[in-house]
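S.K.: Below you'll find upload37.cif; it's mmCIF, C-alpha atoms.
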```
data_my_file
#
loop_
_atom_site.group_PDB
_atom_site.id
_atom_site.type_symbol
_atom_site.label_atom_id
_atom_site.label_comp_id
_atom_site.auth_asym_id
_atom_site.auth_seq_id
_atom_site.Cartn_x
_atom_site.Cartn_y
_atom_site.Cartn_z
ATOM 1 C CA MET A 221 0.000 0.000 0.000
ATOM 2 C CA ALA A 222 2.838 2.394 0.822
ATOM 3 C CA ARG A 223 4.443 1.648 -2.527
ATOM 4 C CA VAL A 224 1.162 2.404 -4.292
ATOM 5 C CA ARG A 225 0.831 5.700 -2.443
ATOM 6 C CA LEU A 226 4.335 6.643 -3.527
ATOM 7 C CA TYR A 227 3.580 5.966 -7.185
ATOM 8 C CA ILE A 228 0.277 7.827 -7.031
ATOM 9 C CA PHE A 229 1.841 10.767 -5.203
ATOM 10 C CA LEU A 230 4.686 10.927 -7.691
ATOM 11 C CA LEU A 231 2.364 10.702 -10.667
ATOM 12 C CA PHE A 232 -0.004 13.313 -9.288
ATOM 13 C CA THR A 233 2.587 15.882 -8.207
ATOM 14 C CA THR A 234 4.476 15.503 -11.454
ATOM 15 C CA VAL A 235 1.316 15.953 -13.493
ATOM 16 C CA CYS A 236 -0.153 18.858 -11.619
ATOM 17 C CA PHE A 237 2.400 21.417 -10.747
ATOM 18 C CA LEU A 238 5.226 22.068 -13.164
ATOM 19 C CA LYS A 239 6.057 22.857 -16.716
ATOM 20 C CA GLY A 240 8.586 20.333 -18.041
ATOM 21 C CA SER A 241 10.728 20.942 -21.097
ATOM 22 C CA ALA A 242 10.198 18.452 -23.863
ATOM 23 C CA GLN A 243 13.091 16.192 -24.687
ATOM 24 C CA THR A 244 14.327 16.823 -28.197
ATOM 25 C CA PHE A 245 13.538 13.727 -30.162
ATOM 26 C CA LYS A 246 13.360 13.236 -33.911
ATOM 27 C CA MET A 247 9.861 12.005 -34.561
ATOM 28 C CA ASN A 248 8.694 14.069 -37.523
ATOM 29 C CA ILE A 249 5.139 13.644 -38.722
ATOM 30 C CA LEU A 250 4.680 12.881 -42.400
ATOM 31 C CA PRO A 251 2.973 15.926 -43.928
ATOM 32 C CA GLU A 252 -0.137 15.506 -46.015
ATOM 33 C CA GLY A 253 1.282 17.489 -48.918
ATOM 34 C CA LEU A 254 4.494 18.994 -50.201
ATOM 35 C CA GLN A 255 5.927 21.637 -47.945
ATOM 36 C CA ARG A 256 8.108 23.312 -50.557
ATOM 37 C CA ALA A 257 10.037 22.721 -53.766
ATOM 38 C CA TYR A 258 13.018 24.051 -55.663
ATOM 39 C CA PHE A 259 13.775 24.642 -59.326
ATOM 40 C CA ASP A 260 16.873 22.809 -60.604
ATOM 41 C CA GLY A 261 17.098 24.733 -63.871
ATOM 42 C CA LYS A 262 14.885 22.389 -65.843
ATOM 43 C CA ASP A 263 12.119 21.239 -63.573
ATOM 44 C CA THR A 264 10.470 21.833 -60.212
ATOM 45 C CA VAL A 265 11.656 19.315 -57.636
ATOM 46 C CA PRO A 266 9.383 18.754 -54.638
ATOM 47 C CA ILE A 267 10.764 18.420 -51.116
ATOM 48 C CA VAL A 268 8.909 16.011 -48.868
ATOM 49 C CA HIS A 269 9.733 15.486 -45.174
ATOM 50 C CA LEU A 270 9.351 11.851 -44.166
ATOM 51 C CA ARG A 271 9.181 10.588 -40.626
ATOM 52 C CA GLU A 272 12.358 9.019 -39.319
ATOM 53 C CA VAL A 273 12.742 5.273 -39.777
ATOM 54 C CA TYR A 274 14.534 3.133 -37.188
ATOM 55 C CA VAL A 275 16.225 -0.119 -38.105
ATOM 56 C CA PHE A 276 17.692 -2.319 -35.391
ATOM 57 C CA PRO A 277 19.572 -5.586 -35.818
ATOM 58 C CA LYS A 278 17.741 -8.646 -34.565
ATOM 59 C CA GLU A 279 18.321 -9.123 -30.866
ATOM 60 C CA LYS A 280 20.578 -12.075 -30.009
ATOM 61 C CA PHE A 281 20.407 -13.705 -26.597
ATOM 62 C CA LYS A 282 23.100 -15.712 -24.854
ATOM 63 C CA ASN A 283 20.569 -17.839 -23.020
ATOM 64 C CA LYS A 284 16.898 -18.236 -22.133
ATOM 65 C CA ARG A 285 17.289 -16.148 -18.998
ATOM 66 C CA GLU A 286 18.567 -13.167 -21.000
ATOM 67 C CA GLU A 287 15.701 -13.562 -23.472
ATOM 68 C CA ALA A 288 13.164 -13.682 -20.650
ATOM 69 C CA LYS A 289 14.677 -10.505 -19.163
ATOM 70 C CA TYR A 290 14.320 -8.741 -22.510
ATOM 71 C CA ASN A 291 10.731 -9.886 -22.952
ATOM 72 C CA LYS A 292 9.922 -8.618 -19.449
ATOM 73 C CA LEU A 293 11.427 -5.214 -20.316
ATOM 74 C CA VAL A 294 9.226 -5.030 -23.417
ATOM 75 C CA ARG A 295 6.134 -5.808 -21.341
ATOM 76 C CA ASP A 296 7.082 -3.279 -18.660
ATOM 77 C CA VAL A 297 7.753 -0.507 -21.193
ATOM 78 C CA LYS A 298 4.420 -1.123 -22.900
ATOM 79 C CA ARG A 299 2.737 -0.938 -19.499
ATOM 80 C CA THR A 300 4.426 2.202 -18.145
ATOM 81 C CA LEU A 301 5.273 4.337 -21.189
ATOM 82 C CA PRO A 302 1.679 5.561 -21.664
ATOM 83 C CA TYR A 303 1.687 6.835 -18.055
ATOM 84 C CA ALA A 304 4.968 8.701 -18.579
ATOM 85 C CA LYS A 305 3.650 10.316 -21.749
ATOM 86 C CA MET A 306 0.416 11.200 -20.001
ATOM 87 C CA VAL A 307 2.425 12.892 -17.240
ATOM 88 C CA TYR A 308 4.195 15.138 -19.737
ATOM 89 C CA GLU A 309 1.090 15.989 -21.755
ATOM 90 C CA THR A 310 -0.976 16.740 -18.661
ATOM 91 C CA LEU A 311 1.933 18.678 -17.185
ATOM 92 C CA ILE A 312 1.913 21.131 -20.083
ATOM 93 C CA GLU A 313 -1.874 21.412 -20.245
ATOM 94 C CA THR A 314 -2.175 21.969 -16.498
ATOM 95 C CA TYR A 315 0.581 24.585 -16.419
ATOM 96 C CA GLU A 316 -1.005 26.528 -19.257
ATOM 97 C CA TYR A 317 -4.436 26.428 -17.600
ATOM 98 C CA MET A 318 -3.000 27.433 -14.209
ATOM 99 C CA GLU A 319 -1.491 30.514 -15.830
ATOM 100 C CA THR A 320 -5.013 31.710 -16.702
ATOM 101 C CA LEU A 321 -6.295 31.526 -13.108
ATOM 102 C CA PRO A 322 -6.402 34.924 -11.379
ATOM 103 C CA THR A 323 -5.344 34.063 -7.817
ATOM 104 C CA GLU A 324 -3.301 31.594 -5.797
ATOM 105 C CA LYS A 325 -6.514 30.463 -4.097
ATOM 106 C CA ALA A 326 -8.111 29.617 -7.449
ATOM 107 C CA ARG A 327 -5.015 27.656 -8.466
ATOM 108 C CA HIS A 328 -5.021 25.765 -5.166
ATOM 109 C CA GLU A 329 -8.708 24.875 -5.522
ATOM 110 C CA HIS A 330 -8.127 23.684 -9.078
ATOM 111 C CA LEU A 331 -5.278 21.438 -7.932
ATOM 112 C CA LYS A 332 -7.436 19.938 -5.182
ATOM 113 C CA ARG A 333 -10.141 19.097 -7.705
ATOM 114 C CA MET A 334 -7.585 17.633 -10.069
ATOM 115 C CA GLU A 335 -6.035 15.579 -7.277
ATOM 116 C CA LYS A 336 -9.397 13.990 -6.515
ATOM 117 C CA GLU A 337 -10.036 13.219 -10.184
ATOM 118 C CA LEU A 338 -6.555 11.764 -10.742
ATOM 119 C CA PHE A 339 -6.726 9.516 -7.693
ATOM 120 C CA LYS A 340 -10.134 8.250 -8.767
ATOM 121 C CA GLU A 341 -9.043 7.578 -12.346
ATOM 122 C CA TYR A 342 -5.512 6.194 -11.953
ATOM 123 C CA LYS A 343 -5.286 4.603 -8.506
ATOM 124 C CA PRO A 344 -6.855 1.274 -9.611
ATOM 125 C CA GLU A 345 -4.339 0.936 -12.459
ATOM 126 C CA LEU A 346 -1.290 2.117 -10.512
ATOM 127 C CA LYS A 347 -2.052 -0.421 -7.790
ATOM 128 C CA LYS A 348 -1.429 -3.102 -10.390
ATOM 129 C CA LEU A 349 2.119 -1.928 -11.167
ATOM 130 C CA SER A 350 4.889 -4.193 -9.956
ATOM 131 C CA PHE A 351 7.899 -2.819 -8.100
ATOM 132 C CA SER A 352 10.108 -3.003 -11.208
ATOM 133 C CA GLN A 353 7.433 -1.241 -13.262
ATOM 134 C CA GLY A 354 7.253 1.542 -10.683
ATOM 135 C CA LYS A 355 11.015 2.075 -10.919
ATOM 136 C CA LEU A 356 10.804 2.065 -14.702
ATOM 137 C CA LEU A 357 8.006 4.639 -14.584
ATOM 138 C CA ILE A 358 10.284 6.976 -12.608
ATOM 139 C CA LYS A 359 12.918 6.664 -15.355
ATOM 140 C CA LEU A 360 10.460 7.163 -18.181
ATOM 141 C CA ILE A 361 9.063 10.296 -16.541
ATOM 142 C CA ASP A 362 12.625 11.622 -16.609
ATOM 143 C CA ARG A 363 12.835 10.677 -20.309
ATOM 144 C CA GLU A 364 9.613 12.429 -21.246
ATOM 145 C CA CYS A 365 10.018 15.544 -19.066
ATOM 146 C CA ASN A 366 13.807 15.800 -19.403
ATOM 147 C CA GLN A 367 14.288 16.055 -15.656
ATOM 148 C CA SER A 368 14.205 13.672 -12.731
ATOM 149 C CA SER A 369 11.134 13.113 -10.584
ATOM 150 C CA TYR A 370 13.128 14.453 -7.621
ATOM 151 C CA ASN A 371 13.782 17.753 -9.393
ATOM 152 C CA LEU A 372 10.107 18.047 -10.311
ATOM 153 C CA LEU A 373 9.094 17.527 -6.681
ATOM 154 C CA LYS A 374 11.837 19.829 -5.392
ATOM 155 C CA ALA A 375 10.709 22.693 -7.626
ATOM 156 C CA TYR A 376 7.198 22.515 -6.247
ATOM 157 C CA LEU A 377 7.478 21.076 -2.744
ATOM 158 C CA GLY A 378 10.922 22.319 -1.783
ATOM 159 C CA SER A 379 14.138 20.479 -0.946
ATOM 160 C CA PHE A 380 13.044 19.108 2.433
ATOM 161 C CA ARG A 381 9.834 17.409 1.277
ATOM 162 C CA ALA A 382 11.414 16.213 -1.954
ATOM 163 C CA GLY A 383 14.182 14.690 0.158
ATOM 164 C CA PHE A 384 11.592 13.024 2.383
ATOM 165 C CA TRP A 385 9.836 11.383 -0.566
ATOM 166 C CA ASN A 386 13.160 10.301 -2.027
ATOM 167 C CA LEU A 387 14.069 8.734 1.331
ATOM 168 C CA PHE A 388 10.676 7.037 1.383
ATOM 169 C CA ALA A 389 11.290 5.676 -2.118
ATOM 170 C CA GLY A 390 14.685 4.421 -0.945
ATOM 171 C CA MET A 391 12.940 2.134 1.518
ATOM 172 C CA PHE A 392 11.687 0.223 -1.522
ATOM 173 C CA GLY A 393 15.000 0.281 -3.364
ATOM 174 C CA ALA A 394 14.022 3.146 -5.667
ATOM 175 C CA SER A 395 15.341 6.685 -6.073
ATOM 176 C CA LEU A 396 13.475 9.714 -7.370
ATOM 177 C CA LYS A 397 16.856 11.138 -8.374
ATOM 178 C CA THR A 398 17.288 8.387 -10.961
ATOM 179 C CA GLU A 399 18.148 9.932 -14.315
ATOM 180 C CA TYR A 400 17.501 8.337 -17.661
ATOM 181 C CA ASP A 401 20.680 7.433 -19.566
ATOM 182 C CA PRO A 402 19.641 6.465 -23.132
ATOM 183 C CA LYS A 403 23.217 6.104 -24.374
ATOM 184 C CA GLY A 404 24.505 4.229 -21.335
ATOM 185 C CA LYS A 405 22.872 1.945 -18.807
ATOM 186 C CA ASP A 406 19.399 2.543 -20.263
ATOM 187 C CA ALA A 407 20.399 1.946 -23.884
ATOM 188 C CA MET A 408 18.358 -1.247 -24.149
ATOM 189 C CA THR A 409 15.349 0.458 -22.578
ATOM 190 C CA GLU A 410 15.684 3.324 -25.067
ATOM 191 C CA ARG A 411 15.776 0.851 -27.940
ATOM 192 C CA VAL A 412 12.640 -0.863 -26.675
ATOM 193 C CA VAL A 413 10.887 2.495 -26.153
ATOM 194 C CA ILE A 414 11.660 3.605 -29.712
ATOM 195 C CA MET A 415 10.447 0.295 -31.109
ATOM 196 C CA VAL A 416 7.240 0.511 -29.072
ATOM 197 C CA GLU A 417 6.657 4.128 -30.145
ATOM 198 C CA ASN A 418 7.028 3.136 -33.791
ATOM 199 C CA GLY A 419 4.924 -0.006 -33.573
ATOM 200 C CA LEU A 420 7.855 -2.318 -34.276
ATOM 201 C CA ILE A 421 7.143 -4.598 -31.303
#
```
Take the structure I supplied and represent it as structure tokens, if you would.
M.R.:
Amino acid sequence: MARVRLYIFLLFTTVCFLKGSAQTFKMNILPEGLQRAYFDGKDTVPIVHLREVYVFPKEKFKNKREEAKYNKLVRDVKRTLPYAKMVYETLIETYEYMETLPTEKARHEHLKRMEKELFKEYKPELKKLSFSQGKLLIKLIDRECNQSSYNLLKAYLGSFRAGFWNLFAGMFGASLKTEYDPKGKDAMTERVVIMVENGLI
């Protein structure tokens, strides 16, 4: 139950209170028509922007255990990535709406209403997350928002309370300071995320 509360608290505070900066990522959308063209001296040559295509070599496993670990990562990414993306999207929408509210009291009341709605909507699903999925969610929030969950909490709640929640997470072997490293220790996760995003697995 305590683990569930941590995940819900993290998800809620991340969603509600801050404006994250989007991670630069090349995922261009294929335009419906030609954006522009140039004349080569004889003819008009259209320029069309295509979405980026990813090609990965087939994964090779040393043994069944390694294959099972990979398959588990794929399942966990598919389970948690939508939550991480939802956090970022809601983060931006909430920040923009909060900017239109006239007073601090109005903003506080809006956040209380949103808290109630979020708990009602997402608590049943978050309760189903395993411990490893919860840790992965923390990393994927960092990926989507380009900053760690700890920094998001610190900006809103302050250093002391952010430290408290990080200490609480540490009791379960997690850390809100965990940063996503797509070119290092999280390279395999990044590969799986890209493949999931592009419908390759």
S.K.: Name the residues in contact with Asn371 in chain A at a cut-off of 8 Å, using all atoms listed in the file, excluding same-chain residues fewer than 3 positions from it; report them as a PyMOL selection string.
M.R.: chain A and resi 367-368+374-375+382+397
S.K.: Any chance you could resolve the PyMOL selection byres ((chain A and resi 412) around 10) against this file and give the residues as a PyMOL selection string?
M.R.: chain A and resi 290-291+293-295+297-298+406-411+413-418+420-421
S.K.: How many Å lie between CA of Leu270 in chain A and CA of Asn366 in chain A, rounded to one decimal?
M.R.: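 About the pair CA of Leu270 in chain A and CA of Asn366 in chain A: they are 25.5 Å apart.
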S.K.: If we count only C-alpha atoms and set the cut-off at 9 Å, which residues sit around Gln353 in chain A, ignoring sequence neighbours fewer than 6 positions away in its own chain? Please answer as a list in words.
M.R.: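 The filter keeps Asp296, Val297, Arg299 and Thr300 of chain A.
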S.K.: Which is closest to Asp362 in chain A among A:Tyr258, A:Tyr400, A:Tyr317, A:Phe339, if we use only C-alpha atoms?
M.R.: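 Looking only at the distances to Asp362 in chain A, the closest residue turns out to be A:Tyr400.
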S.K.: Once the PyMOL selection byres ((chain A and resi 266) around 6) has been evaluated on this model, what residues remain selected, and can you format them as number ranges by chain?
M.R.: A: 257, 265, 267
S.K.: I'd like the interatomic distance between CA of Lys289 in chain A and CA of Lys405 in chain A, to a tenth of an Å.
M.R.: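 These atoms are spaced 14.9 Å apart.
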S.K.: Using only C-alpha atoms, which residues of range 320-415 of chain A come within 9 Å of range 301-315 of chain A, and what is the closest atom pair for each, with the distance in Å to one decimal? Give it as a Markdown table, sorted by chain and residue number.
M.R.:
```
| residue | atom | partner | partner_atom | distance |
| --- | --- | --- | --- | --- |
| A:Leu356 | CA | A:Leu301 | CA | 8.8 |
| A:Leu357 | CA | A:Ala304 | CA | 6.5 |
| A:Ile358 | CA | A:Ala304 | CA | 8.2 |
| A:Lys359 | CA | A:Ala304 | CA | 8.8 |
| A:Leu360 | CA | A:Ala304 | CA | 5.7 |
| A:Ile361 | CA | A:Ala304 | CA | 4.8 |
| A:Asp362 | CA | A:Ala304 | CA | 8.4 |
| A:Arg363 | CA | A:Ala304 | CA | 8.3 |
| A:Glu364 | CA | A:Tyr308 | CA | 6.2 |
| A:Cys365 | CA | A:Tyr308 | CA | 5.9 |
| A:Val413 | CA | A:Leu301 | CA | 7.7 |
```
S.K.: Just give me the gap between CA of Ser395 in chain A and CA of Lys355 in chain A in Å, one decimal is fine.
M.R.: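 Computed distance, CA of Ser395 in chain A to CA of Lys355 in chain A, equals 8.0 Å.
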S.K.: Since the input lacks some atoms of range 261-285 of chain A, please model N, CA and C atoms and print them as a CSV table (one decimal), in the frame of the given file.
M.R.:
```
chain,number,residue,atom,x,y,z
A,261,GLY,N,16.7,24.2,-62.6
A,261,GLY,CA,17.1,24.7,-63.9
A,261,GLY,C,16.3,24.2,-65.0
A,262,LYS,N,15.7,23.0,-64.8
A,262,LYS,CA,14.9,22.4,-65.8
A,262,LYS,C,13.5,22.0,-65.4
A,263,ASP,N,13.4,21.7,-64.1
A,263,ASP,CA,12.1,21.2,-63.6
A,263,ASP,C,12.0,21.6,-62.1
A,264,THR,N,10.7,21.6,-61.6
A,264,THR,CA,10.5,21.8,-60.2
A,264,THR,C,10.6,20.5,-59.4
A,265,VAL,N,11.4,20.5,-58.4
A,265,VAL,CA,11.7,19.3,-57.6
A,265,VAL,C,11.0,19.5,-56.3
A,266,PRO,N,10.0,18.6,-55.9
A,266,PRO,CA,9.4,18.8,-54.6
A,266,PRO,C,10.3,18.3,-53.5
A,267,ILE,N,10.1,18.9,-52.3
A,267,ILE,CA,10.8,18.4,-51.1
A,267,ILE,C,9.7,17.9,-50.2
A,268,VAL,N,9.9,16.6,-49.8
A,268,VAL,CA,8.9,16.0,-48.9
A,268,VAL,C,9.7,15.6,-47.6
A,269,HIS,N,9.1,15.9,-46.4
A,269,HIS,CA,9.7,15.5,-45.2
A,269,HIS,C,9.1,14.2,-44.7
A,270,LEU,N,9.8,13.1,-44.6
A,270,LEU,CA,9.4,11.9,-44.2
A,270,LEU,C,9.7,11.6,-42.7
A,271,ARG,N,8.9,10.9,-42.0
A,271,ARG,CA,9.2,10.6,-40.6
A,271,ARG,C,10.4,9.6,-40.5
A,272,GLU,N,11.1,9.8,-39.5
A,272,GLU,CA,12.4,9.0,-39.3
A,272,GLU,C,12.1,7.5,-39.2
A,273,VAL,N,12.9,6.7,-39.8
A,273,VAL,CA,12.7,5.3,-39.8
A,273,VAL,C,13.9,4.7,-39.0
A,274,TYR,N,13.5,3.8,-38.0
A,274,TYR,CA,14.5,3.1,-37.2
A,274,TYR,C,14.7,1.7,-37.6
A,275,VAL,N,15.9,1.3,-37.8
A,275,VAL,CA,16.2,-0.1,-38.1
A,275,VAL,C,17.2,-0.7,-37.1
A,276,PHE,N,16.8,-1.7,-36.4
A,276,PHE,CA,17.7,-2.3,-35.4
A,276,PHE,C,18.0,-3.7,-35.8
A,277,PRO,N,19.3,-4.2,-35.5
A,277,PRO,CA,19.6,-5.6,-35.8
A,277,PRO,C,18.8,-6.5,-34.9
A,278,LYS,N,18.5,-7.7,-35.4
A,278,LYS,CA,17.7,-8.6,-34.6
A,278,LYS,C,18.5,-8.9,-33.3
A,279,GLU,N,17.7,-8.9,-32.2
A,279,GLU,CA,18.3,-9.1,-30.9
A,279,GLU,C,18.8,-10.6,-30.7
A,280,LYS,N,20.0,-10.7,-30.2
A,280,LYS,CA,20.6,-12.1,-30.0
A,280,LYS,C,20.8,-12.3,-28.5
A,281,PHE,N,20.3,-13.4,-28.0
A,281,PHE,CA,20.4,-13.7,-26.6
A,281,PHE,C,21.4,-14.8,-26.3
A,282,LYS,N,22.1,-14.7,-25.2
A,282,LYS,CA,23.1,-15.7,-24.9
A,282,LYS,C,22.4,-17.0,-24.3
A,283,ASN,N,21.3,-16.7,-23.6
A,283,ASN,CA,20.6,-17.8,-23.0
A,283,ASN,C,19.1,-17.5,-22.8
A,284,LYS,N,18.3,-18.4,-22.3
A,284,LYS,CA,16.9,-18.2,-22.1
A,284,LYS,C,16.6,-17.2,-21.1
A,285,ARG,N,17.5,-17.1,-20.1
A,285,ARG,CA,17.3,-16.1,-19.0
A,285,ARG,C,17.4,-14.7,-19.5
```
